[in-house]
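**Q** For reference, the structure I am asking about is given below.
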Amino acid sequence: MVEAQSWTTRRGSNPRFETTEQVLEIPVTPTAEIKQQQQQQGNLGSLISPNLLTALIIASWYLSNIGVLLLNKYLLSFYGYRYPIFLTMLHMISCGFYSLLAIKWLEIVPFQQIHSRKQFFKILALSAIFCFSVVCGNTSLRYLPVSFNQAIGATTPFFTAIFAFVITCKKESAEVYLALVPVVLGIVLASNSEPLFHLFGFLMALGSTAGRALKSVVQGLLLTSEAEKLHSMNLLLYMAPMAAMILLPFTLYIEGNVTAVTIEKARVDGFMVFLLVGNATVAYLVNLTNFLVTKHTSALTLQVLGNAKAAVAAVVSVLIFRNPVTVMGMTGFAVTIMGVVLYSEAKKRSKVTAH
């Protein structure tokens, strides 16, 4: 009579259980969003090489950044459309509209919502600073050549260091502060030798540069918690409509019945519609290409490109608008750009040392 085997015996005698147990890691099923991103990347990668794609994105970044400057200058100075606040409001409306399409329809980044009233008012404060900076920048283009405007704009690190110290009490290394000396020295040289110098335009350009620096400092201060941090594209989606609403009463009070004047001019000259729509579209592309350059390269690459952009925009504007330049002015601009590069390198070294 055969003795009945226990379950343990039978299990031990089964050759399938003689090997050591292995835990198989089953990959998580990707979400529909991830699948869509992978499919888009795959389709794009099959059509164009990564290096060529990066080069095209960088070229688009240069074209949009320099293009919006030249279009603003042409509209405000040469074409005779002297409404910088209304033009800025059109830029904000355009950025809000295109951001909505890019996020909700094209889904280039996940949509993020505002979660609290506190977060809303923080974004509103940033929008007000953003308005001030852009309006001052566009106004300055009425009175100053693009080349000189870009020389002043290159002094942004100087104002950033000042606001960071005043608002957050953040101190930089001595090397960083020393690098700011040629930044300021260069703009002093350029200002003294600028043939088309205009005091009001100069003050507006300084205000724009200071506003841009203040926004970066305040943004890092206000939106610090993980719950309140927004992707740059989502932040633009909320800031642009707020900025347009802030600018509306100012453009009506300062620039009068600008809407009726614009419509009347458009009836007489249809080319103005093309200029305004194209200008507003390129203004959004500046923000989109900023995001794409950072995504496909790095924030450091964007910073390096920004340093070179001022010089490229100055050269292109001189070639197009034929504004007079002096050797001393060019020298001052070069000194300022050199200071910005030294500042960037000093900041990198100070971060490495801190870590």
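By convention here, the chains of the structure tokens are called A, B, ... in the order presented, each chain's residues are numbered starting at 1, and ligands are numbered starting at 1 in the order presented.
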Please identify all polymer residues within 8 Å of segment 304-319 of chain A, counting only C-alpha atoms, omitting same-chain residues fewer than 3 positions from it, and present them as a list of chain:residue names.
**A**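 The filter keeps A:Tyr62, A:Asn65, A:Ile66, A:Leu70, A:Pro145, A:Val146, A:Ser147, A:Phe148, A:Gln150, A:Ala151, A:Gly153, A:Ala154, A:Leu300, A:Thr301, A:Arg322, A:Asn323, A:Pro324, A:Ile337, A:Val340, A:Val341.
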**Q** Compare A:Leu288, A:Val277, A:Val293, A:Val218 by their minimum atom-to-atom distance to Leu87 of chain A, counting only C-alpha atoms, and give me the closest one.
**A** A:Val277
**Q** From a backbone DSSP assignment, name each residue in segment 51-258 of chain A labelled helix (DSSP H, G or I), as a PyMOL selection string.
**A** chain A and resi 51-78+84-105+117-143+146-153+156-168+174-192+199-222+232-254+258
**Q** Using only C-alpha atoms, find the one residue out of A:Ser127, A:Asn287, A:Ser49, A:Asn192 that sits nearest to Pro241 of chain A.
**A**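 Nearest to Pro241 of chain A: A:Ser127.
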**Q** Name the residues in contact with segment 173-189 of chain A at a cut-off of 8 Å, using only C-alpha atoms, excluding same-chain residues fewer than 3 positions from it; report them as an NGL selection string.
**A** :A and (151-152 or 154-155 or 157-158 or 192-193 or 328-329 or 331-340 or 342-343 or 346-347 or 350)
**Q** Tell me, as an MDAnalysis selection string, which residues lie within 12 Å of Ile85 of chain A, counting only C-alpha atoms; anything in the same chain fewer than 4 positions away does not count.
**A** chainID A and resid 72 76 81 89:92 131:140 142 243:256 258:259
